[in-house]
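Trainee: The structure under discussion is supplied below as structure tokens; questions concerning it will follow.
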Amino acid sequence: MDRLALRVALALAALAFASPAAAQPIPALHVRSFVLALDKTSVNVGDDFHLTLTTHVDERISTLENVVLPNLSSLEDLGDERRCSAGKKGTECVETLTLDANGPGDRTIGPATLEILDPQTGRPHNITSNLVTIHVTGQAKTGSQPPPSDVLAAVTGGLVSLLRNILVFILVAVAGWGFIWGLRHRQPPPPPIAVAPVPAPAPGPVVDWATQFAQLSAALELEPTRPRALAVREALRRYLGARDEETLADLVNRNAANGKPKLLAALGAVERAVFCEDSRIAEAVREALPYLKS
Amino acid sequence: MLEGPPGLAKTLACRALAAAVGGTFKRVQFTPDLLPSDIVGTRIFDQRSGEFATALGPIFANVLLADEINRAPAKVQSALLEGMQERQVTIGPQTFPLPDPFLVTATMNPLDSDGTYALPLAQMDRFLVKIVVGYPSAPEELAILARFGGEAPPLPRDVATMDDLRRWRGAAHDVFIEARLARYIVDLVAATRAPHAYVERGASPRATLAIAAMARARALCDARTFVVPDDVRASAPPVLRHRLAFTYRTLTENVAPESIVAELIASVPVP
């Protein structure tokens with residue numbers, strides 16, 4: 001409980017001392033995707049799990065600002081790791097939170113929001129992510145601490161606890177005053193825009209690759225177009241671990257010993273649909289479908 | 001253009017190609033005392049008629065083999081420039097069109113061989129590809145010994161006609177290049193122009209056209225009517241390698257140009 005109070009105080013203090021003038025400017029970004037995902041769909045009470053927020057933007061950036069994480073009050077935050085890796089096709093920023101649930105039940109997490117300037121209109125946009133749900137099973141945590149084994153330890157522990165509580169109280173008071181001051185002097189925020197430019201995936205459990213691939217293949221069968229074929233090709237390349245500079249021939253050579261002939265044949269077939277003439281796409285997709293279904 | 005040490009059958013390969021496609025074939029042995037008129041032709045005064053007559057040079061052929069092209073000085077090499085680019089030759093006041101199809105094949109020894117001259121970049125740029133010929137493997141050399149150890153076998157004759165070549169050329173022009181692949185080709189060539197420790201000058205737009213042409217031809221050979229990324233990737237090294245000007249560091253640090261070209265190609269994502 002003390003730890004929680006200290007965290008709240010620090011958070012409030014950080015909020016209070018961040019004056020409006022020092023706030024991060026809203027960046028103009030082309031956001032390709034903004035997706036929340038869980039590494040597990042079901043955990044036991046006390047087990048760690050990871051919540052990942054992945055953002056793809058066309059621009060080369062070193063950090064992603066103005067991200068508002070979802071409300072995690074029903075969970076315990078055990079750690080946070082952020083990284084942005086820029087490449088030829090833009091930047092991928094991944095924020096991974098390690099979380100732990102104290103009690104059983106289903107918890108829906110999200111959405112996260114990202115505030116950007118629309119590069120075309122110059123107006124601010126709030127992009128919202130999808131929702132994810134985790135199922136927590138087991139008994140709730142008691143949270144009780146074992147008592148000190150002797151009197152001296154008990155007295156010392158009590159004094160330390162008292163001092164810490166006083167410090168926390170002072171910090172909270174200062175932070176609270178600063179927070180109120182900050183609210184009074186803050187510029188009104190720009191009106192949020194409800195429509196997200198990037199369609200977020202449907203809320204629900206994390207979809208595995210095979211399911212996603214089957215969905216993409218089914219979509220290609222229904223609508224044999226170049227973008228659909230390209231999506232299937234990207235999914236296959238991702239599964240085969242293709243690097244940006246690798247062609248089909250490279251993958252065939254690299255995977256010759258791995259025994260993935262069906263996947264490689266499927267990739268070859270769908271690649272023909274991606275790069276053939278417009279008038280032949282439907283025919284090429286028809287030829288590729290048996291490989292994709294196999 | 002074929003580059004490699006002496007004795008690797010570069011000339012034989014060019015002669016075999018010329019014999020296989022029929023048409024007229026001329027071979028010019030480039031030497032240090034060769035003159036431009038020895039290639040394109042000259043005007044000769046005819047004493048009996050009292051007029052100048054034009055004697056056409058060996059460039060007027062369907063397939064011209066410029067053997068050991070870098071053994072002649074740059075002014076002789078440059079005599080080929082107009083012919084290779086404009087498909088015509090000017091001798092005195094007259095301009096003569098070259099036969100169609102017109103193909104220049106050349107062999108050259110590496111520049112560290114004695115008595116060779118570096119080809120001007122403008123000349124190099126006009127060669128569609130340069131293929132570096134290396135030494136054969138032991139099994140290949142055994143096969144060479146078996147085939148050429150006694151009497152040399154006859155060259156393959158008239159495998160295809162000139163009309164076939166023209167038809168294939170037209171079919172290659174019709175091969176489809178998707179927009180992403182066209183962009184990939186442009187990006188590959190642009191990558192050679194970015195600042196690089198070992199590259200002094202990048203490739204010209206002629207290289208862009210050459211990669212596209214090679215990729216189309218490769219697709220056609222694979223019985224496809226469209227280009228795939230592998231066609232572009234396979235075509236890029238032989239098209240780019242001889243078109244780049246490398247800095248002195250490639251020599252001092254003994255860096256192979258092939259590895260620089262491979263690195264540049266790998267820096268561009270495949271679409």
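Residues in the structure tokens are named by chain (A, B, ... in the order shown) and by number from 1 within that chain; ligands are numbered from 1 in the order shown.
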Report as a ChimeraX atom specification: the residues of region 22-260 of chain B with a DSSP assignment of helix (DSSP H, G or I), based on the backbone of this structure.
Mentor: /B:37-40,69-71,74-86,121-125,138-148,162-173,179-193,205-221,229-243,248-252,257-260
Trainee: Need to verify the contact set: Leu80 (chain B), 8 Å, only C-alpha atoms, exclusion of same-chain residues closer than 4 positions in sequence. Can you return it as an MDAnalysis selection string?
Mentor: chainID B and resid 39:40 76 84
Trainee: Work out how far apart CA of Phe25 (chain B) and CA of Val63 (chain B) are and give it in Å to one decimal.
Mentor: 4.8 Å
Trainee: I need the contact residues of chain B against chain A, so if you could list those with any atom within 10 Å, counting only C-alpha atoms, and return them as JSON, numbers by chain, that would help.
Mentor: {"B": [175, 176, 177, 178, 179, 180, 181, 224, 225, 226, 227, 228, 229, 230, 231, 232, 233, 234, 265, 266, 267, 268, 269, 270, 271]}
Trainee: Between CA of Asp125 (chain B) and CA of Arg241 (chain B), what is the distance in Å, rounded to a tenth?
Mentor: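 If I compute the distance from CA of Asp125 (chain B) to CA of Arg241 (chain B), I get 10.2 Å.
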Trainee: Taking only region 54-190 of chain B into account, list the residues labelled strand (DSSP E or B) by DSSP (computed from the backbone), as a VMD selection string.
Mentor: chain B and resid 54 to 56 63 to 67 88 to 91 94 to 97 103 to 108 131 to 132 176
